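Shown next: start-v2.pdb, containing PDB, C-alpha atoms.
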```pdb
ATOM      1  CA  MET N 382       6.158  27.653  -3.743
ATOM      2  CA  ALA N 383       7.086  29.853  -0.822
ATOM      3  CA  VAL N 384      10.431  31.660  -0.732
ATOM      4  CA  LYS N 385      12.393  30.720   2.397
ATOM      5  CA  THR N 386      15.804  31.164   3.910
ATOM      6  CA  TYR N 387      18.108  28.173   4.329
ATOM      7  CA  ILE N 388      17.476  28.068   8.081
ATOM      8  CA  ALA N 389      13.692  28.445   7.717
ATOM      9  CA  ALA N 390      13.728  25.406   5.422
ATOM     10  CA  ILE N 391      15.594  23.430   8.091
ATOM     11  CA  THR N 392      13.096  24.462  10.784
ATOM     12  CA  GLU N 393      10.227  23.400   8.525
ATOM     13  CA  ALA N 394      11.837  20.013   7.930
ATOM     14  CA  LEU N 395      12.236  19.416  11.669
ATOM     15  CA  ASP N 396       8.621  20.462  12.241
ATOM     16  CA  LEU N 397       7.357  18.053   9.569
ATOM     17  CA  ALA N 398       9.494  15.182  10.877
ATOM     18  CA  LEU N 399       8.269  15.703  14.451
ATOM     19  CA  GLU N 400       4.687  15.863  13.214
ATOM     20  CA  ARG N 401       4.996  12.726  11.092
ATOM     21  CA  ASP N 402       6.774  10.385  13.517
ATOM     22  CA  GLU N 403       6.363  10.496  17.308
ATOM     23  CA  ASN N 404       9.696   8.666  17.691
ATOM     24  CA  VAL N 405      11.616  11.662  16.328
ATOM     25  CA  LEU N 406      13.321  13.572  19.167
ATOM     26  CA  VAL N 407      15.242  16.853  18.790
ATOM     27  CA  PHE N 408      17.798  17.825  21.419
ATOM     28  CA  GLY N 409      20.997  19.761  22.028
ATOM     29  CA  GLU N 410      22.359  22.829  23.764
ATOM     30  CA  ASP N 411      19.690  25.602  23.896
ATOM     31  CA  VAL N 412      17.431  23.982  21.275
ATOM     32  CA  GLY N 413      14.424  23.963  23.633
ATOM     33  CA  GLU N 414      12.715  27.149  24.793
ATOM     34  CA  ASN N 415      15.356  29.374  23.156
ATOM     35  CA  GLY N 416      14.994  27.687  19.779
ATOM     36  CA  GLY N 417      18.719  27.148  19.324
ATOM     37  CA  VAL N 418      21.611  29.563  18.998
ATOM     38  CA  PHE N 419      20.589  30.243  15.364
ATOM     39  CA  ARG N 420      16.834  29.709  16.043
ATOM     40  CA  ALA N 421      16.698  26.582  13.872
ATOM     41  CA  THR N 422      14.341  24.946  16.388
ATOM     42  CA  GLU N 423      12.314  28.053  17.208
ATOM     43  CA  GLY N 424       8.744  27.214  18.222
ATOM     44  CA  LEU N 425       9.230  23.447  18.199
ATOM     45  CA  ASN N 426       9.525  23.058  21.977
ATOM     46  CA  ALA N 427       6.238  24.925  22.474
ATOM     47  CA  LYS N 428       4.522  22.866  19.754
ATOM     48  CA  TYR N 429       5.778  19.366  20.610
ATOM     49  CA  GLY N 430       6.644  19.664  24.283
ATOM     50  CA  LYS N 431       9.740  19.300  26.423
ATOM     51  CA  ASP N 432       9.759  15.511  26.078
ATOM     52  CA  ARG N 433      10.418  15.697  22.317
ATOM     53  CA  VAL N 434      12.346  18.964  21.841
ATOM     54  CA  PHE N 435      14.634  19.621  24.764
ATOM     55  CA  ASN N 436      17.835  21.157  26.066
ATOM     56  CA  THR N 437      20.871  19.161  27.096
ATOM     57  CA  PRO N 438      23.790  20.072  29.351
ATOM     58  CA  LEU N 439      26.813  21.750  27.745
ATOM     59  CA  ALA N 440      28.410  18.359  27.071
ATOM     60  CA  GLU N 441      28.705  17.152  23.469
ATOM     61  CA  SER N 442      29.916  13.696  24.496
ATOM     62  CA  ALA N 443      26.773  13.212  26.598
ATOM     63  CA  ILE N 444      24.572  14.330  23.685
ATOM     64  CA  GLY N 445      26.148  11.682  21.447
ATOM     65  CA  GLY N 446      25.884   8.943  24.061
ATOM     66  CA  MET N 447      22.231   9.719  24.667
ATOM     67  CA  ALA N 448      21.507   9.615  20.931
ATOM     68  CA  ILE N 449      22.971   6.118  20.687
ATOM     69  CA  GLY N 450      20.957   4.914  23.687
ATOM     70  CA  LEU N 451      17.729   6.363  22.300
ATOM     71  CA  ALA N 452      18.347   4.803  18.886
ATOM     72  CA  THR N 453      18.650   1.351  20.455
ATOM     73  CA  GLU N 454      15.148   1.910  21.893
ATOM     74  CA  ASP N 455      13.667   2.650  18.456
ATOM     75  CA  PHE N 456      13.688   6.444  18.697
ATOM     76  CA  ARG N 457      14.979   8.634  15.850
ATOM     77  CA  PRO N 458      17.289  11.124  17.555
ATOM     78  CA  VAL N 459      18.127  14.412  15.825
ATOM     79  CA  MET N 460      20.974  15.808  17.920
ATOM     80  CA  GLU N 461      22.490  19.251  17.448
ATOM     81  CA  ILE N 462      26.150  20.137  17.920
ATOM     82  CA  GLN N 463      26.018  23.907  18.287
ATOM     83  CA  PHE N 464      29.183  24.525  16.205
ATOM     84  CA  PHE N 465      31.063  21.869  14.242
ATOM     85  CA  GLY N 466      34.372  22.989  15.733
ATOM     86  CA  PHE N 467      33.247  21.239  18.913
ATOM     87  CA  ILE N 468      32.765  17.876  17.198
ATOM     88  CA  PHE N 469      35.990  16.557  18.749
ATOM     89  CA  GLU N 470      34.204  16.363  22.104
ATOM     90  CA  VAL N 471      31.832  13.730  20.703
ATOM     91  CA  MET N 472      34.058  11.890  18.239
ATOM     92  CA  ASP N 473      34.127   8.662  20.247
ATOM     93  CA  SER N 474      30.336   8.389  20.157
ATOM     94  CA  ILE N 475      30.254   9.199  16.437
ATOM     95  CA  ALA N 476      33.291   7.404  14.989
ATOM     96  CA  ALA N 477      33.722   4.502  17.405
ATOM     97  CA  GLN N 478      30.069   3.832  18.231
ATOM     98  CA  MET N 479      27.449   5.187  15.801
ATOM     99  CA  ALA N 480      29.484   4.429  12.682
ATOM    100  CA  ARG N 481      30.254   0.835  13.692
ATOM    101  CA  ASN N 482      27.089  -0.287  15.428
ATOM    102  CA  ARG N 483      25.239  -1.753  12.450
ATOM    103  CA  PHE N 484      28.286  -3.961  11.738
ATOM    104  CA  ARG N 485      28.776  -4.656  15.444
ATOM    105  CA  PHE N 486      25.173  -5.864  15.867
ATOM    106  CA  SER N 487      25.119  -7.776  12.558
ATOM    107  CA  SER N 488      22.372  -5.450  11.251
ATOM    108  CA  THR N 489      19.954  -6.674  13.937
ATOM    109  CA  LYS N 490      19.675  -3.095  15.223
ATOM    110  CA  GLN N 491      19.272   0.186  13.393
ATOM    111  CA  PHE N 492      20.883   3.489  14.361
ATOM    112  CA  PRO N 493      18.779   6.220  12.736
ATOM    113  CA  ILE N 494      20.661   9.168  14.220
ATOM    114  CA  VAL N 495      21.055  12.589  12.593
ATOM    115  CA  VAL N 496      23.868  14.822  13.835
ATOM    116  CA  ARG N 497      23.008  18.383  12.796
ATOM    117  CA  SER N 498      25.655  21.075  13.007
ATOM    118  CA  PRO N 499      26.592  24.413  11.406
ATOM    119  CA  TYR N 500      30.018  24.470   9.765
ATOM    120  CA  GLY N 501      32.171  26.747   7.639
ATOM    121  CA  GLY N 502      33.224  30.346   7.924
ATOM    122  CA  GLY N 503      32.710  33.831   6.621
ATOM    123  CA  THR N 504      30.655  35.120   9.553
ATOM    124  CA  HIS N 505      33.497  36.263  11.845
ATOM    125  CA  THR N 506      32.777  33.909  14.713
ATOM    126  CA  PRO N 507      35.301  33.381  17.555
ATOM    127  CA  GLU N 508      38.002  30.708  17.368
ATOM    128  CA  MET N 509      36.675  27.092  17.316
ATOM    129  CA  HIS N 510      33.258  28.273  16.050
ATOM    130  CA  ALA N 511      34.104  28.117  12.327
ATOM    131  CA  ASP N 512      35.731  25.137  10.683
ATOM    132  CA  ASN N 513      35.503  22.716   7.765
ATOM    133  CA  LEU N 514      35.988  19.264   9.241
ATOM    134  CA  GLU N 515      33.829  17.279   6.812
ATOM    135  CA  GLY N 516      36.904  15.329   5.705
ATOM    136  CA  LEU N 517      37.140  13.765   9.176
ATOM    137  CA  MET N 518      33.581  12.522   8.888
ATOM    138  CA  ALA N 519      33.912  11.335   5.287
ATOM    139  CA  GLN N 520      36.958   9.261   6.227
ATOM    140  CA  THR N 521      34.833   7.265   8.702
ATOM    141  CA  PRO N 522      33.084   4.244   7.145
ATOM    142  CA  GLY N 523      29.538   3.812   8.402
ATOM    143  CA  LEU N 524      28.667   7.508   8.314
ATOM    144  CA  ARG N 525      26.796   9.339   5.592
ATOM    145  CA  VAL N 526      27.818  13.015   5.270
ATOM    146  CA  VAL N 527      25.247  15.409   3.780
ATOM    147  CA  MET N 528      25.982  19.075   2.959
ATOM    148  CA  PRO N 529      23.106  20.971   1.273
ATOM    149  CA  SER N 530      23.787  24.169  -0.667
ATOM    150  CA  ASN N 531      20.310  25.720  -0.924
ATOM    151  CA  PRO N 532      17.007  25.925   1.009
ATOM    152  CA  ALA N 533      15.047  23.367  -1.055
ATOM    153  CA  ASP N 534      17.794  20.768  -0.710
ATOM    154  CA  ALA N 535      18.253  21.588   2.976
ATOM    155  CA  LYS N 536      14.620  20.666   3.647
ATOM    156  CA  GLY N 537      14.444  17.599   1.412
ATOM    157  CA  LEU N 538      17.819  16.201   2.415
ATOM    158  CA  LEU N 539      17.151  16.688   6.142
ATOM    159  CA  LEU N 540      13.857  14.808   5.893
ATOM    160  CA  ALA N 541      15.605  12.033   3.949
ATOM    161  CA  SER N 542      18.361  11.946   6.590
ATOM    162  CA  ILE N 543      15.833  11.572   9.408
ATOM    163  CA  GLU N 544      14.182   8.715   7.487
ATOM    164  CA  SER N 545      17.561   6.956   7.081
ATOM    165  CA  ASN N 546      18.175   3.948   9.310
ATOM    166  CA  ASP N 547      21.914   4.720   9.477
ATOM    167  CA  PRO N 548      23.694   7.664  11.127
ATOM    168  CA  VAL N 549      23.896  10.849   9.050
ATOM    169  CA  ILE N 550      26.159  13.825   9.651
ATOM    170  CA  PHE N 551      24.069  16.755   8.390
ATOM    171  CA  LEU N 552      26.224  19.862   7.950
ATOM    172  CA  GLU N 553      24.585  23.268   7.526
ATOM    173  CA  ASN N 554      26.694  26.102   6.131
ATOM    174  CA  LEU N 555      26.769  28.892   8.694
ATOM    175  CA  LYS N 556      27.017  31.692   6.140
ATOM    176  CA  LEU N 557      24.047  30.405   4.145
ATOM    177  CA  TYR N 558      21.623  30.391   7.086
ATOM    178  CA  ARG N 559      20.184  33.823   6.354
ATOM    179  CA  SER N 560      22.186  35.052   3.349
ATOM    180  CA  ILE N 561      20.184  33.229   0.690
ATOM    181  CA  LYS N 562      16.487  32.778  -0.067
ATOM    182  CA  ALA N 563      14.904  30.495  -2.644
ATOM    183  CA  GLU N 564      11.684  28.717  -3.497
ATOM    184  CA  VAL N 565      11.005  25.665  -1.332
ATOM    185  CA  PRO N 566       8.331  23.077  -2.205
ATOM    186  CA  GLU N 567       5.396  22.889   0.198
ATOM    187  CA  GLY N 568       4.720  19.948   2.498
ATOM    188  CA  TYR N 569       6.657  16.772   3.157
ATOM    189  CA  TYR N 570       9.138  15.617   0.506
ATOM    190  CA  THR N 571      12.545  14.010   0.481
ATOM    191  CA  THR N 572      15.578  14.644  -1.691
ATOM    192  CA  PRO N 573      17.515  11.410  -2.389
ATOM    193  CA  LEU N 574      20.690  10.903  -0.389
ATOM    194  CA  ASP N 575      23.938   9.944  -2.176
ATOM    195  CA  LYS N 576      22.799  11.634  -5.392
ATOM    196  CA  ALA N 577      24.555  14.707  -6.812
ATOM    197  CA  ALA N 578      22.752  17.434  -8.760
ATOM    198  CA  VAL N 579      23.754  19.211 -11.946
ATOM    199  CA  ALA N 580      23.352  22.746 -10.620
ATOM    200  CA  ARG N 581      24.248  24.292 -13.989
ATOM    201  CA  GLU N 582      24.784  22.652 -17.352
ATOM    202  CA  GLY N 583      27.855  23.471 -19.454
ATOM    203  CA  SER N 584      30.081  22.007 -22.129
ATOM    204  CA  ASP N 585      33.689  23.260 -21.732
ATOM    205  CA  ILE N 586      34.619  22.252 -18.170
ATOM    206  CA  THR N 587      33.125  20.586 -15.084
ATOM    207  CA  VAL N 588      33.354  22.167 -11.634
ATOM    208  CA  VAL N 589      32.627  19.687  -8.825
ATOM    209  CA  THR N 590      31.795  21.274  -5.495
ATOM    210  CA  TYR N 591      29.475  21.139  -2.468
ATOM    211  CA  GLY N 592      27.944  23.088   0.409
ATOM    212  CA  GLY N 593      28.873  26.734   0.778
ATOM    213  CA  MET N 594      31.127  26.724  -2.301
ATOM    214  CA  VAL N 595      28.286  25.928  -4.714
ATOM    215  CA  GLY N 596      27.119  29.561  -4.746
ATOM    216  CA  ASN N 597      30.651  30.810  -5.453
ATOM    217  CA  CYS N 598      31.054  28.323  -8.304
ATOM    218  CA  LEU N 599      27.706  29.262  -9.863
ATOM    219  CA  LYS N 600      28.716  32.921  -9.708
ATOM    220  CA  ALA N 601      32.074  32.065 -11.290
ATOM    221  CA  ALA N 602      30.248  30.168 -14.058
ATOM    222  CA  GLU N 603      28.113  33.243 -14.768
ATOM    223  CA  ASN N 604      31.224  35.422 -15.038
ATOM    224  CA  LEU N 605      33.023  32.909 -17.262
ATOM    225  CA  GLU N 606      30.031  32.619 -19.603
ATOM    226  CA  LYS N 607      30.569  36.296 -20.487
ATOM    227  CA  GLU N 608      34.050  35.306 -21.666
ATOM    228  CA  GLY N 609      32.748  32.425 -23.775
ATOM    229  CA  ILE N 610      33.544  29.579 -21.328
ATOM    230  CA  SER N 611      30.664  27.184 -20.639
ATOM    231  CA  VAL N 612      30.922  25.689 -17.123
ATOM    232  CA  GLU N 613      28.971  22.712 -15.801
ATOM    233  CA  VAL N 614      28.595  22.813 -12.001
ATOM    234  CA  ILE N 615      28.035  19.583 -10.053
ATOM    235  CA  ASP N 616      26.634  19.990  -6.524
ATOM    236  CA  LEU N 617      27.563  16.810  -4.650
ATOM    237  CA  ARG N 618      24.897  17.248  -1.905
ATOM    238  CA  THR N 619      26.246  14.104  -0.195
ATOM    239  CA  VAL N 620      30.048  14.066   0.172
ATOM    240  CA  SER N 621      30.219  10.537   1.576
ATOM    241  CA  PRO N 622      29.478   8.400  -0.300
ATOM    242  CA  ILE N 623      30.208  10.331  -3.485
ATOM    243  CA  ASP N 624      27.988  10.051  -6.554
ATOM    244  CA  VAL N 625      30.769   9.012  -8.923
ATOM    245  CA  GLU N 626      28.324   8.177 -11.727
ATOM    246  CA  THR N 627      27.046  11.762 -12.068
ATOM    247  CA  ILE N 628      30.580  13.160 -11.892
ATOM    248  CA  GLY N 629      31.764  10.684 -14.522
ATOM    249  CA  LYS N 630      29.030  11.581 -17.011
ATOM    250  CA  SER N 631      30.004  15.230 -16.783
ATOM    251  CA  VAL N 632      33.733  14.522 -17.072
ATOM    252  CA  GLU N 633      33.123  12.409 -20.180
ATOM    253  CA  LYS N 634      31.170  15.349 -21.662
ATOM    254  CA  THR N 635      33.613  18.192 -20.930
ATOM    255  CA  GLY N 636      37.009  16.480 -20.512
ATOM    256  CA  ARG N 637      38.227  19.150 -18.079
ATOM    257  CA  VAL N 638      37.629  19.371 -14.317
ATOM    258  CA  VAL N 639      38.113  21.705 -11.383
ATOM    259  CA  VAL N 640      37.202  20.566  -7.872
ATOM    260  CA  ALA N 641      36.384  23.321  -5.373
ATOM    261  CA  GLN N 642      36.004  23.135  -1.608
ATOM    262  CA  GLU N 643      35.971  25.602   1.271
ATOM    263  CA  ALA N 644      38.097  23.278   3.426
ATOM    264  CA  GLN N 645      41.882  22.991   3.590
ATOM    265  CA  ARG N 646      43.632  21.296   0.656
ATOM    266  CA  GLN N 647      45.154  18.206   2.257
ATOM    267  CA  ALA N 648      43.369  14.850   2.430
ATOM    268  CA  GLY N 649      39.862  16.232   1.983
ATOM    269  CA  ILE N 650      36.771  15.705  -0.148
ATOM    270  CA  ALA N 651      38.452  17.277  -3.195
ATOM    271  CA  SER N 652      41.405  14.898  -2.924
ATOM    272  CA  ASN N 653      39.045  11.929  -2.934
ATOM    273  CA  ILE N 654      37.114  13.211  -5.959
ATOM    274  CA  MET N 655      40.328  13.818  -7.881
ATOM    275  CA  ALA N 656      41.498  10.291  -7.105
ATOM    276  CA  GLU N 657      38.175   8.752  -8.219
ATOM    277  CA  ILE N 658      38.241  10.711 -11.501
ATOM    278  CA  SER N 659      41.871   9.767 -12.120
ATOM    279  CA  GLU N 660      41.193   6.068 -11.533
ATOM    280  CA  ARG N 661      37.946   5.787 -13.496
ATOM    281  CA  PHE N 662      37.883   8.506 -16.159
ATOM    282  CA  ILE N 663      41.484   9.415 -16.939
ATOM    283  CA  LEU N 664      41.075   8.579 -20.640
ATOM    284  CA  SER N 665      38.371  11.258 -20.850
ATOM    285  CA  LEU N 666      40.601  13.995 -19.454
ATOM    286  CA  LYS N 667      42.152  16.616 -21.746
ATOM    287  CA  ALA N 668      44.030  18.417 -18.953
ATOM    288  CA  PRO N 669      45.188  17.907 -15.348
ATOM    289  CA  ILE N 670      42.454  18.221 -12.703
ATOM    290  CA  GLY N 671      42.460  21.640 -11.049
ATOM    291  CA  ARG N 672      41.725  22.297  -7.394
ATOM    292  CA  VAL N 673      40.484  25.312  -5.425
ATOM    293  CA  SER N 674      40.650  25.135  -1.631
ATOM    294  CA  ALA N 675      41.680  26.952   1.517
ATOM    295  CA  PRO N 676      45.394  26.726   2.401
ATOM    296  CA  ASP N 677      46.781  24.004   4.658
ATOM    297  CA  SER N 678      46.751  25.950   7.901
ATOM    298  CA  VAL N 679      44.532  25.941  10.974
ATOM    299  CA  TYR N 680      41.358  27.968  10.596
ATOM    300  CA  PRO N 681      42.332  31.654  10.978
ATOM    301  CA  PHE N 682      41.012  34.272  13.368
ATOM    302  CA  SER N 683      38.033  36.153  11.994
ATOM    303  CA  MET N 684      40.011  39.209  10.852
ATOM    304  CA  ALA N 685      41.870  37.038   8.300
ATOM    305  CA  GLU N 686      38.900  34.886   7.331
ATOM    306  CA  ASN N 687      38.068  36.491   3.999
ATOM    307  CA  ASP N 688      41.694  36.264   2.847
ATOM    308  CA  TRP N 689      41.825  32.583   3.813
ATOM    309  CA  LEU N 690      38.536  31.354   2.336
ATOM    310  CA  PRO N 691      38.436  30.566  -1.417
ATOM    311  CA  GLN N 692      36.531  33.208  -3.374
ATOM    312  CA  VAL N 693      34.750  33.498  -6.741
ATOM    313  CA  ASP N 694      37.882  34.946  -8.386
ATOM    314  CA  ASP N 695      39.894  31.888  -7.279
ATOM    315  CA  VAL N 696      37.442  29.598  -9.097
ATOM    316  CA  VAL N 697      37.483  31.806 -12.203
ATOM    317  CA  ALA N 698      41.300  31.803 -12.326
ATOM    318  CA  LYS N 699      41.599  28.034 -11.898
ATOM    319  CA  VAL N 700      38.935  27.311 -14.532
ATOM    320  CA  LYS N 701      40.758  29.535 -17.047
ATOM    321  CA  GLU N 702      44.048  27.776 -16.282
ATOM    322  CA  ILE N 703      42.542  24.338 -16.949
ATOM    323  CA  VAL N 704      40.576  25.435 -20.036
ATOM    324  CA  GLU N 705      43.714  26.996 -21.557
ATOM    325  CA  TYR N 706      45.875  23.934 -20.836
ATOM    326  CA  ASP N 707      47.005  22.303 -24.039
TER     327      ASP N 707
END
```
If you took the structure in this file and wrote it as structure tokens, what would it be?
Amino acid sequence: MAVKTYIAAITEALDLALERDENVLVFGEDVGENGGVFRATEGLNAKYGKDRVFNTPLAESAIGGMAIGLATEDFRPVMEIQFFGFIFEVMDSIAAQMARNRFRFSSTKQFPIVVRSPYGGGTHTPEMHADNLEGLMAQTPGLRVVMPSNPADAKGLLLASIESNDPVIFLENLKLYRSIKAEVPEGYYTTPLDKAAVAREGSDITVVTYGGMVGNCLKAAENLEKEGISVEVIDLRTVSPIDVETIGKSVEKTGRVVVAQEAQRQAGIASNIMAEISERFILSLKAPIGRVSAPDSVYPFSMAENDWLPQVDDVVAKVKEIVEYD
């Protein structure tokens, strides 16, 4: 297998999807000749032409409306929102249209739309360019929200998302784009949606996490192993819907849980996971469920970013607190 960056794996997935299905269209601000602001679509305009990989005006609401129209004509739109902080400009198309259309049309029409967008922080971008708004998407029935944590999953999950006949919000962690490399299987393959992965097996405590926090949690697990604490790390991959079955098996094995997210604490993915565990597996718990998250404030300016974002040491401290609870 070749070793690729996270963003190279995404480019390869788009290339394979365009090659496989002539109804796949890729569009967004600067995705054409320039190859996108992060070069995720580099070379695709030249290879597949301006009718299949093309620029749009600087108007997120128009991008969303066009994706819906194309989907009704049997295309498979892959639209890019340049930064997820600008998702508010297209929320009507996503939450009021895409998410409801299968129900609205009594399943007589399909809406195979993928909304790709970078999210998260740690790269010192200007205000509005870094944010963790996945909770808004997960709270919207009718949307699937996918957040890969590594290059192999990024490729397989994106191809699976493009194959899906329902709208998928595909969130790519900004910091991971070029900071990690890993082996990626060759050729076309899909990674199942809605299925979590056991990223690391352990026996003392379960850490449930997703996206950019998976790397921090794996590093924390390595550090804790040196102190005799065995940590199992669950990578959700898809945060809506949640793979409760995989989480439950791990909770029943370890009896102790920490949920970690990069986003703010209130009403997010972690809150939902904690509620599901409490409702379904409370008799397996030996301690309260711990949580690691950013504080409940607006996303900070870049100079305060590293103080605001949860770090490896935060995960280590919370795991120790829950393991030592008696």
Inset, instruction - Can you pull out every residue within 9 Å of Gln647 (chain N), counting only C-alpha atoms, but drop anything in the same chain fewer than 5 positions away, and send it as a ChimeraX atom specification? - result: /N:652,676-677
Could you dump the residues just selected with C-alpha atoms as a PDB file, in the coordinates of the input?
```pdb
ATOM      1  CA  SER N 652      41.405  14.898  -2.924  1.00  0.00           C
ATOM      2  CA  PRO N 676      45.394  26.726   2.401  1.00  0.00           C
ATOM      3  CA  ASP N 677      46.781  24.004   4.658  1.00  0.00           C
TER       4      ASP N 677
END
```
Inset, instruction - List the residues matched by the PyMOL selection byres ((chain N and resi 480) around 7) in the displayed structure as a PyMOL selection string, ordered by chain and then by residue number. - result: chain N and resi 475-479+481-482+522-524+548
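Residues selected in this file by the PyMOL selection byres ((chain N and resi 687) around 12) comprise Gly501, Gly502, Gly503, Thr504, His505, Glu643, Ala675, Tyr680, Pro681, Phe682, Ser683, Met684, Ala685, Glu686, Asp688, Trp689, Leu690, Pro691, Gln692 and Val693 of chain N.
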Taking only residues of region 568-637 of chain N that have an atom at most 9 Å from an atom of region 525-536 of chain N, what is each one's shortest atom pair and its distance in Å to one decimal, using only C-alpha atoms, in chain and number order, as a tab-separated table?
```
residue	atom	partner	partner_atom	distance
N:Tyr569	CA	N:Lys536	CA	8.9
N:Tyr570	CA	N:Lys536	CA	8.1
N:Thr571	CA	N:Lys536	CA	7.7
N:Thr572	CA	N:Asp534	CA	6.6
N:Leu574	CA	N:Val527	CA	7.6
N:Asp575	CA	N:Val527	CA	8.2
N:Tyr591	CA	N:Ser530	CA	6.7
N:Gly592	CA	N:Ser530	CA	4.4
N:Gly593	CA	N:Ser530	CA	5.9
N:Met594	CA	N:Ser530	CA	7.9
N:Val595	CA	N:Ser530	CA	6.3
N:Gly596	CA	N:Ser530	CA	7.5
N:Asp616	CA	N:Ser530	CA	7.7
N:Leu617	CA	N:Met528	CA	8.1
N:Arg618	CA	N:Pro529	CA	5.2
N:Thr619	CA	N:Val527	CA	4.3
N:Val620	CA	N:Val526	CA	5.7
N:Ser621	CA	N:Val526	CA	5.1
N:Pro622	CA	N:Arg525	CA	6.5
```
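Remark: for Ala383 (chain N), the closest of the candidate residues N:Ala421, N:Ala563, N:Ile550, N:Val459 is N:Ala563 (distances computed over all atoms listed in the file).
The interatomic distance for the pair CA of Ile610 (chain N) and CA of Ser659 (chain N) works out to 23.4 Å.
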Inset, instruction - One decimal, Å: what's the distance from CA of Ala427 (chain N) over to CA of Asn415 (chain N), could you say? - result: 10.2 Å
Inset, instruction - Run the PyMOL selection byres ((chain N and resi 398-413) around 6) against the file shown and list the residues it catches, as a PyMOL selection string. - result: chain N and resi 395-397+414-417+422+426+433-437+456-461
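Here CA of Gln520 (chain N) and CA of Phe484 (chain N) stand 16.7 Å from one another.
Nearest to Ala651 (chain N) of all the residues N:Gly516, N:Gly629, N:Gly445, N:Gly636 is N:Gly516, counting all atoms listed in the file.
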